[in-house]
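Printed here is structure_22.pdb (PDB, C-alpha atoms):
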```pdb
ATOM      1  CA  MET A   1      71.203 124.499  95.510
ATOM      2  CA  GLU A   2      71.989 121.377  97.566
ATOM      3  CA  GLU A   3      69.694 119.292  95.364
ATOM      4  CA  ASP A   4      71.865 120.089  92.343
ATOM      5  CA  ILE A   5      75.063 119.004  94.058
ATOM      6  CA  PHE A   6      74.359 115.290  93.598
ATOM      7  CA  THR A   7      73.693 115.553  89.874
ATOM      8  CA  THR A   8      76.564 117.972  89.300
ATOM      9  CA  TYR A   9      79.147 115.904  91.137
ATOM     10  CA  HIS A  10      77.828 112.401  90.375
ATOM     11  CA  PRO A  11      80.680 111.706  87.895
ATOM     12  CA  LEU A  12      83.134 112.793  90.589
ATOM     13  CA  ILE A  13      81.610 110.297  93.035
ATOM     14  CA  LEU A  14      81.737 107.517  90.439
ATOM     15  CA  GLY A  15      85.378 108.369  89.709
ATOM     16  CA  ALA A  16      86.331 108.162  93.378
ATOM     17  CA  LEU A  17      84.521 104.828  93.734
ATOM     18  CA  LYS A  18      86.147 103.543  90.553
ATOM     19  CA  LYS A  19      89.554 104.415  91.981
ATOM     20  CA  CYS A  20      88.621 102.189  94.959
ATOM     21  CA  HIS A  21      87.578  99.414  92.529
ATOM     22  CA  ILE A  22      83.881  99.766  93.402
ATOM     23  CA  TYR A  23      81.788  99.348  90.259
ATOM     24  CA  HIS A  24      78.071  99.002  89.505
ATOM     25  CA  HIS A  25      78.181  95.220  89.960
ATOM     26  CA  HIS A  26      79.689  95.457  93.469
ATOM     27  CA  PRO A  27      77.187  94.108  96.031
ATOM     28  CA  ASP A  28      77.562  97.196  98.252
ATOM     29  CA  PHE A  29      77.662  99.728  95.424
ATOM     30  CA  ASP A  30      74.513 101.564  96.545
ATOM     31  CA  ASP A  31      75.797 101.813 100.111
ATOM     32  CA  TYR A  32      79.079 103.332  98.938
ATOM     33  CA  ILE A  33      77.222 105.763  96.657
ATOM     34  CA  GLN A  34      75.069 106.858  99.574
ATOM     35  CA  ALA A  35      78.073 107.307 101.868
ATOM     36  CA  ALA A  36      79.837 109.311  99.153
ATOM     37  CA  ARG A  37      76.779 111.547  98.704
ATOM     38  CA  ILE A  38      76.608 112.206 102.434
ATOM     39  CA  GLU A  39      80.305 113.033 102.464
ATOM     40  CA  LEU A  40      79.843 115.334  99.459
ATOM     41  CA  LEU A  41      76.968 117.162 101.120
ATOM     42  CA  LEU A  42      78.905 117.635 104.364
ATOM     43  CA  LEU A  43      81.942 118.834 102.440
ATOM     44  CA  HIS A  44      79.871 121.285 100.439
ATOM     45  CA  ARG A  45      78.308 122.745 103.582
ATOM     46  CA  GLU A  46      81.727 123.025 105.222
ATOM     47  CA  TYR A  47      83.191 124.573 102.079
ATOM     48  CA  ASP A  48      80.378 127.138 101.850
ATOM     49  CA  ALA A  49      80.815 128.070 105.508
ATOM     50  CA  LYS A  50      84.496 128.832 104.919
ATOM     51  CA  LYS A  51      84.125 130.682 101.603
ATOM     52  CA  HIS A  52      85.854 133.759 102.931
ATOM     53  CA  LEU A  53      89.053 131.744 103.531
ATOM     54  CA  ASN A  54      91.521 130.972 100.795
ATOM     55  CA  GLN A  55      90.604 127.350  99.988
ATOM     56  CA  PRO A  56      91.587 124.983  97.176
ATOM     57  CA  PRO A  57      89.110 124.346  94.333
ATOM     58  CA  PHE A  58      86.119 122.310  95.502
ATOM     59  CA  ALA A  59      86.071 119.451  92.959
ATOM     60  CA  PRO A  60      89.592 118.058  93.578
ATOM     61  CA  TYR A  61      89.159 118.582  97.319
ATOM     62  CA  ALA A  62      85.818 116.732  97.314
ATOM     63  CA  TYR A  63      87.181 113.933  95.122
ATOM     64  CA  GLN A  64      90.066 113.280  97.496
ATOM     65  CA  LYS A  65      87.884 113.404 100.609
ATOM     66  CA  ILE A  66      85.314 111.036  99.070
ATOM     67  CA  TYR A  67      88.102 108.690  98.022
ATOM     68  CA  TRP A  68      89.557 108.680 101.540
ATOM     69  CA  ARG A  69      86.124 108.177 103.120
ATOM     70  CA  THR A  70      85.443 105.236 100.805
ATOM     71  CA  LEU A  71      88.798 103.675 101.672
ATOM     72  CA  ASP A  72      87.960 104.048 105.356
ATOM     73  CA  LEU A  73      84.636 102.298 104.812
ATOM     74  CA  ILE A  74      86.319  99.490 102.865
ATOM     75  CA  ARG A  75      88.894  99.029 105.632
ATOM     76  CA  LYS A  76      86.172  99.005 108.277
ATOM     77  CA  GLU A  77      84.177  96.413 106.331
ATOM     78  CA  THR A  78      87.274  94.287 105.775
ATOM     79  CA  LYS A  79      88.072  94.418 109.467
ATOM     80  CA  ARG A  80      84.487  93.480 110.336
ATOM     81  CA  LEU A  81      84.596  90.519 107.961
ATOM     82  CA  ASP A  82      88.015  89.531 109.276
ATOM     83  CA  ASN A  83      86.553  89.248 112.752
ATOM     84  CA  HIS A  84      83.463  87.398 111.566
ATOM     85  CA  PRO A  85      83.603  83.940 113.107
ATOM     86  CA  LEU A  86      82.504  81.853 110.136
ATOM     87  CA  ASP A  87      84.252  83.514 107.175
ATOM     88  CA  ASP A  88      83.484  82.142 103.737
ATOM     89  CA  LEU A  89      83.972  78.518 104.691
ATOM     90  CA  ILE A  90      80.444  77.693 105.822
ATOM     91  CA  LEU A  91      78.165  76.582 103.023
ATOM     92  CA  ASP A  92      74.854  78.262 103.897
ATOM     93  CA  VAL A  93      73.063  80.053 106.658
ATOM     94  CA  TYR A  94      70.362  77.755 107.918
ATOM     95  CA  GLU A  95      67.334  79.777 106.925
ATOM     96  CA  ASP A  96      64.778  77.017 106.576
ATOM     97  CA  THR A  97      62.708  76.090 109.557
ATOM     98  CA  LYS A  98      61.726  72.651 108.314
ATOM     99  CA  GLU A  99      63.596  70.073 110.364
ATOM    100  CA  ASP A 100      64.254  67.657 107.510
ATOM    101  CA  THR A 101      65.738  70.457 105.377
ATOM    102  CA  CYS A 102      67.954  71.602 108.258
ATOM    103  CA  LEU A 103      69.004  68.039 108.938
ATOM    104  CA  HIS A 104      69.828  67.533 105.260
ATOM    105  CA  LYS A 105      71.926  70.709 105.209
ATOM    106  CA  PHE A 106      73.657  69.685 108.432
ATOM    107  CA  VAL A 107      74.547  66.266 107.018
ATOM    108  CA  GLU A 108      75.668  67.852 103.762
ATOM    109  CA  THR A 109      77.848  70.351 105.641
ATOM    110  CA  SER A 110      79.292  67.760 108.009
ATOM    111  CA  ASP A 111      80.124  65.482 105.064
ATOM    112  CA  THR A 112      81.841  68.390 103.351
ATOM    113  CA  TYR A 113      83.705  69.213 106.543
ATOM    114  CA  THR A 114      84.835  65.589 106.873
ATOM    115  CA  LEU A 115      86.074  65.572 103.275
ATOM    116  CA  LEU A 116      87.831  68.875 103.823
ATOM    117  CA  CYS A 117      89.594  67.650 106.954
ATOM    118  CA  GLN A 118      90.879  64.635 105.021
ATOM    119  CA  GLU A 119      92.511  67.003 102.518
ATOM    120  CA  LEU A 120      94.009  69.345 105.107
ATOM    121  CA  THR A 121      97.300  69.044 106.916
ATOM    122  CA  PRO A 122      97.059  68.632 110.706
ATOM    123  CA  PHE A 123      98.039  72.278 111.190
ATOM    124  CA  GLU A 124      95.444  73.491 108.678
ATOM    125  CA  THR A 125      92.816  71.414 110.485
ATOM    126  CA  LYS A 126      93.757  73.050 113.801
ATOM    127  CA  VAL A 127      93.529  76.518 112.268
ATOM    128  CA  LEU A 128      90.163  75.712 110.701
ATOM    129  CA  GLU A 129      88.759  74.378 113.959
ATOM    130  CA  ASP A 130      90.044  77.359 115.924
ATOM    131  CA  ARG A 131      88.619  79.759 113.370
ATOM    132  CA  LEU A 132      85.217  78.128 112.995
ATOM    133  CA  PHE A 133      84.443  76.510 116.310
ATOM    134  CA  LYS A 134      86.411  78.603 118.796
ATOM    135  CA  GLN A 135      85.760  81.727 116.688
ATOM    136  CA  LEU A 136      89.278  83.082 117.057
ATOM    137  CA  SER A 137      90.260  86.102 114.999
ATOM    138  CA  VAL A 138      93.289  86.146 112.721
ATOM    139  CA  THR A 139      95.204  88.132 115.337
ATOM    140  CA  GLN A 140      94.344  85.602 118.030
ATOM    141  CA  LEU A 141      95.404  82.743 115.766
ATOM    142  CA  SER A 142      98.703  84.438 114.975
ATOM    143  CA  LYS A 143      99.414  84.862 118.689
ATOM    144  CA  LYS A 144      98.349  81.307 119.508
ATOM    145  CA  TYR A 145     100.609  79.732 116.882
ATOM    146  CA  ASP A 146     103.341  82.379 117.131
ATOM    147  CA  LEU A 147     103.053  83.200 113.438
ATOM    148  CA  SER A 148     102.504  86.406 111.529
ATOM    149  CA  ARG A 149      99.010  87.427 110.474
ATOM    150  CA  GLN A 150     100.132  87.122 106.851
ATOM    151  CA  THR A 151     101.064  83.477 107.412
ATOM    152  CA  ILE A 152      97.655  82.800 108.961
ATOM    153  CA  TYR A 153      96.006  84.437 105.941
ATOM    154  CA  ARG A 154      98.030  82.187 103.632
ATOM    155  CA  VAL A 155      96.989  79.103 105.594
ATOM    156  CA  MET A 156      93.363  80.212 105.358
ATOM    157  CA  GLU A 157      93.739  80.773 101.606
ATOM    158  CA  ARG A 158      95.083  77.231 101.215
ATOM    159  CA  ILE A 159      92.125  75.921 103.215
ATOM    160  CA  GLN A 160      89.708  77.877 101.032
ATOM    161  CA  LYS A 161      91.323  76.558  97.841
ATOM    162  CA  LYS A 162      90.975  72.992  99.080
ATOM    163  CA  TYR A 163      87.385  73.711 100.105
ATOM    164  CA  ARG A 164      86.528  75.104  96.651
ATOM    165  CA  LYS A 165      88.113  72.062  95.029
ATOM    166  CA  ILE A 166      85.944  69.741  97.140
ATOM    167  CA  GLU A 167      82.862  71.874  96.493
ATOM    168  CA  LYS A 168      83.394  71.596  92.726
ATOM    169  CA  ASN A 169      83.598  67.826  92.976
ATOM    170  CA  LEU A 170      80.326  67.532  94.886
TER     171      LEU A 170
END
```
If you took the structure in this file and wrote it as structure tokens, what would it be?
Amino acid sequence: MEEDIFTTYHPLILGALKKCHIYHHHPDFDDYIQAARIELLLLHREYDAKKHLNQPPFAPYAYQKIYWRTLDLIRKETKRLDNHPLDDLILDVYEDTKEDTCLHKFVETSDTYTLLCQELTPFETKVLEDRLFKQLSVTQLSKKYDLSRQTIYRVMERIQKKYRKIEKNL
């Protein structure tokens, strides 16, 4: 019986993920599908255990619970990425072990950083340095500069736009 649940309710899972804007091309699509299946299985077991009680129909109940679970996972991932020290501003992770390749990437990154700092305002440069080198979170930055988190996000967006502009020119 439990084996049939996944095939029966697969469209329901896809619908809940679609409502969260998670499609097949999303990099974490398989992870969200798996989390939704686990949630569905747990819900089905819980629903079967309480059959004698007057409960709502299973499909809408499961859809809503899967949707909420997916939103929780998205929020958790967003929070994790928000606290990640390097954000999207670093070019590459230094995977190569060859010294000349690492040195080349370091020079390339430092040149890009120098160009970026020339484009940034003094305040944007401070925020970038605090975010990258001191690894401060958005909340810590907002407290340090006595600004709202939203303002810090806007500053970071401006920095990222300038970075993308420089990256296109390279």
The distance between CA of Asn169 (chain A) and CA of Thr121 (chain A) is 19.6 Å
What is the CA of Leu73 (chain A)-CA of Tyr153 (chain A) distance in Å, reported with one decimal?
->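 The value is 21.2 Å.
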Just the residues within 12 Å of Asp4 (chain A), please, counting only C-alpha atoms, with nothing from its chain fewer than 2 positions along; format it as a VMD selection string.
-> chain A and resid 1 to 2 6 to 10 37 40 to 41 44
Fewer than 4 positions away in the same chain doesn't count, so skip those; otherwise give me all residues within 9 Å of Phe123 (chain A), counting all atoms listed in the file, as a ChimeraX atom specification.
-> /A:127-128,155
Option closest in space to Gln34 (chain A), from A:Ile66, A:Ala59, A:Ala49, A:Leu116 [counting all atoms listed in the file] = A:Ile66
Compile the contact shell of Tyr163 (chain A) as a PyMOL selection string: residues with an atom at most 9 Å away, counting only C-alpha atoms, same-chain residues fewer than 3 positions apart removed.
-> chain A and resi 89+112-113+115-116+119+158-160+166-168
Return as a ChimeraX atom specification the set of residues that the PyMOL selection byres ((chain A and resi 19) around 12) yields on the displayed structure.
-> /A:12-18,20-23,63-64,66-68,70-71
Any chance you could model all heavy atoms for region 142-153 of chain A and send them as a JSON list (two decimals), keeping the file's coordinate frame?
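The result, stored in selection.json:
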```
[["chain", "number", "residue", "atom", "x", "y", "z"],
["A", 142, "SER", "N", 97.27, 84.16, 115.16],
["A", 142, "SER", "CA", 98.70, 84.44, 114.98],
["A", 142, "SER", "C", 99.44, 84.42, 116.32],
["A", 142, "SER", "O", 100.57, 83.94, 116.40],
["A", 142, "SER", "CB", 98.91, 85.77, 114.26],
["A", 142, "SER", "OG", 98.49, 86.84, 115.05],
["A", 143, "LYS", "N", 98.79, 84.91, 117.36],
["A", 143, "LYS", "CA", 99.41, 84.86, 118.69],
["A", 143, "LYS", "C", 99.48, 83.44, 119.22],
["A", 143, "LYS", "O", 100.48, 83.03, 119.80],
["A", 143, "LYS", "CB", 98.64, 85.75, 119.67],
["A", 143, "LYS", "CG", 98.84, 87.22, 119.42],
["A", 143, "LYS", "CD", 98.03, 88.06, 120.37],
["A", 143, "LYS", "CE", 98.21, 89.55, 120.04],
["A", 143, "LYS", "NZ", 97.34, 90.39, 120.90],
["A", 144, "LYS", "N", 98.40, 82.69, 119.01],
["A", 144, "LYS", "CA", 98.35, 81.31, 119.51],
["A", 144, "LYS", "C", 99.44, 80.44, 118.89],
["A", 144, "LYS", "O", 100.09, 79.66, 119.58],
["A", 144, "LYS", "CB", 96.97, 80.70, 119.22],
["A", 144, "LYS", "CG", 96.84, 79.27, 119.69],
["A", 144, "LYS", "CD", 95.47, 78.70, 119.45],
["A", 144, "LYS", "CE", 95.40, 77.26, 119.94],
["A", 144, "LYS", "NZ", 94.07, 76.69, 119.78],
["A", 145, "TYR", "N", 99.64, 80.57, 117.59],
["A", 145, "TYR", "CA", 100.61, 79.73, 116.88],
["A", 145, "TYR", "C", 101.96, 80.42, 116.69],
["A", 145, "TYR", "O", 102.85, 79.87, 116.03],
["A", 145, "TYR", "CB", 100.03, 79.28, 115.53],
["A", 145, "TYR", "CG", 98.83, 78.39, 115.70],
["A", 145, "TYR", "CD1", 97.57, 78.83, 115.32],
["A", 145, "TYR", "CD2", 98.95, 77.12, 116.24],
["A", 145, "TYR", "CE1", 96.45, 78.03, 115.48],
["A", 145, "TYR", "CE2", 97.84, 76.30, 116.41],
["A", 145, "TYR", "CZ", 96.60, 76.76, 116.03],
["A", 145, "TYR", "OH", 95.50, 75.97, 116.20],
["A", 146, "ASP", "N", 102.09, 81.61, 117.22],
["A", 146, "ASP", "CA", 103.34, 82.38, 117.13],
["A", 146, "ASP", "C", 103.78, 82.55, 115.67],
["A", 146, "ASP", "O", 104.93, 82.29, 115.31],
["A", 146, "ASP", "CB", 104.44, 81.71, 117.96],
["A", 146, "ASP", "CG", 105.61, 82.65, 118.22],
["A", 146, "ASP", "OD1", 105.38, 83.88, 118.21],
["A", 146, "ASP", "OD2", 106.74, 82.16, 118.40],
["A", 147, "LEU", "N", 102.81, 82.96, 114.85],
["A", 147, "LEU", "CA", 103.05, 83.20, 113.44],
["A", 147, "LEU", "C", 102.56, 84.61, 113.09],
["A", 147, "LEU", "O", 101.78, 85.20, 113.84],
["A", 147, "LEU", "CB", 102.29, 82.18, 112.58],
["A", 147, "LEU", "CG", 102.69, 80.72, 112.75],
["A", 147, "LEU", "CD1", 101.69, 79.82, 112.05],
["A", 147, "LEU", "CD2", 104.09, 80.49, 112.20],
["A", 148, "SER", "N", 102.99, 85.10, 111.95],
["A", 148, "SER", "CA", 102.50, 86.41, 111.53],
["A", 148, "SER", "C", 101.07, 86.29, 111.02],
["A", 148, "SER", "O", 100.61, 85.20, 110.65],
["A", 148, "SER", "CB", 103.40, 86.97, 110.42],
["A", 148, "SER", "OG", 103.23, 86.22, 109.24],
["A", 149, "ARG", "N", 100.38, 87.41, 111.00],
["A", 149, "ARG", "CA", 99.01, 87.43, 110.47],
["A", 149, "ARG", "C", 99.02, 87.01, 109.00],
["A", 149, "ARG", "O", 98.12, 86.32, 108.55],
["A", 149, "ARG", "CB", 98.41, 88.83, 110.62],
["A", 149, "ARG", "CG", 98.07, 89.19, 112.04],
["A", 149, "ARG", "CD", 97.69, 90.67, 112.18],
["A", 149, "ARG", "NE", 96.81, 91.13, 111.14],
["A", 149, "ARG", "CZ", 95.49, 91.25, 111.26],
["A", 149, "ARG", "NH1", 94.91, 90.94, 112.39],
["A", 149, "ARG", "NH2", 94.76, 91.68, 110.26],
["A", 150, "GLN", "N", 100.03, 87.45, 108.27],
["A", 150, "GLN", "CA", 100.13, 87.12, 106.85],
["A", 150, "GLN", "C", 100.21, 85.61, 106.65],
["A", 150, "GLN", "O", 99.59, 85.06, 105.74],
["A", 150, "GLN", "CB", 101.34, 87.82, 106.23],
["A", 150, "GLN", "CG", 101.47, 87.61, 104.74],
["A", 150, "GLN", "CD", 100.30, 88.21, 103.98],
["A", 150, "GLN", "OE1", 99.81, 89.27, 104.33],
["A", 150, "GLN", "NE2", 99.86, 87.53, 102.94],
["A", 151, "THR", "N", 100.96, 84.93, 107.50],
["A", 151, "THR", "CA", 101.06, 83.48, 107.41],
["A", 151, "THR", "C", 99.71, 82.82, 107.68],
["A", 151, "THR", "O", 99.33, 81.88, 106.98],
["A", 151, "THR", "CB", 102.12, 82.96, 108.40],
["A", 151, "THR", "OG1", 103.36, 83.61, 108.14],
["A", 151, "THR", "CG2", 102.29, 81.46, 108.30],
["A", 152, "ILE", "N", 98.99, 83.34, 108.67],
["A", 152, "ILE", "CA", 97.66, 82.80, 108.96],
["A", 152, "ILE", "C", 96.73, 83.01, 107.76],
["A", 152, "ILE", "O", 95.98, 82.11, 107.39],
["A", 152, "ILE", "CB", 97.07, 83.44, 110.24],
["A", 152, "ILE", "CG1", 97.92, 83.11, 111.46],
["A", 152, "ILE", "CG2", 95.62, 83.02, 110.45],
["A", 152, "ILE", "CD1", 97.97, 81.63, 111.82],
["A", 153, "TYR", "N", 96.82, 84.18, 107.14],
["A", 153, "TYR", "CA", 96.01, 84.44, 105.94],
["A", 153, "TYR", "C", 96.35, 83.45, 104.83],
["A", 153, "TYR", "O", 95.47, 82.95, 104.13],
["A", 153, "TYR", "CB", 96.20, 85.86, 105.43],
["A", 153, "TYR", "CG", 95.39, 86.89, 106.17],
["A", 153, "TYR", "CD1", 96.01, 87.88, 106.91],
["A", 153, "TYR", "CD2", 94.00, 86.88, 106.13],
["A", 153, "TYR", "CE1", 95.27, 88.84, 107.60],
["A", 153, "TYR", "CE2", 93.25, 87.82, 106.81],
["A", 153, "TYR", "CZ", 93.90, 88.80, 107.53],
["A", 153, "TYR", "OH", 93.15, 89.73, 108.21]]
```
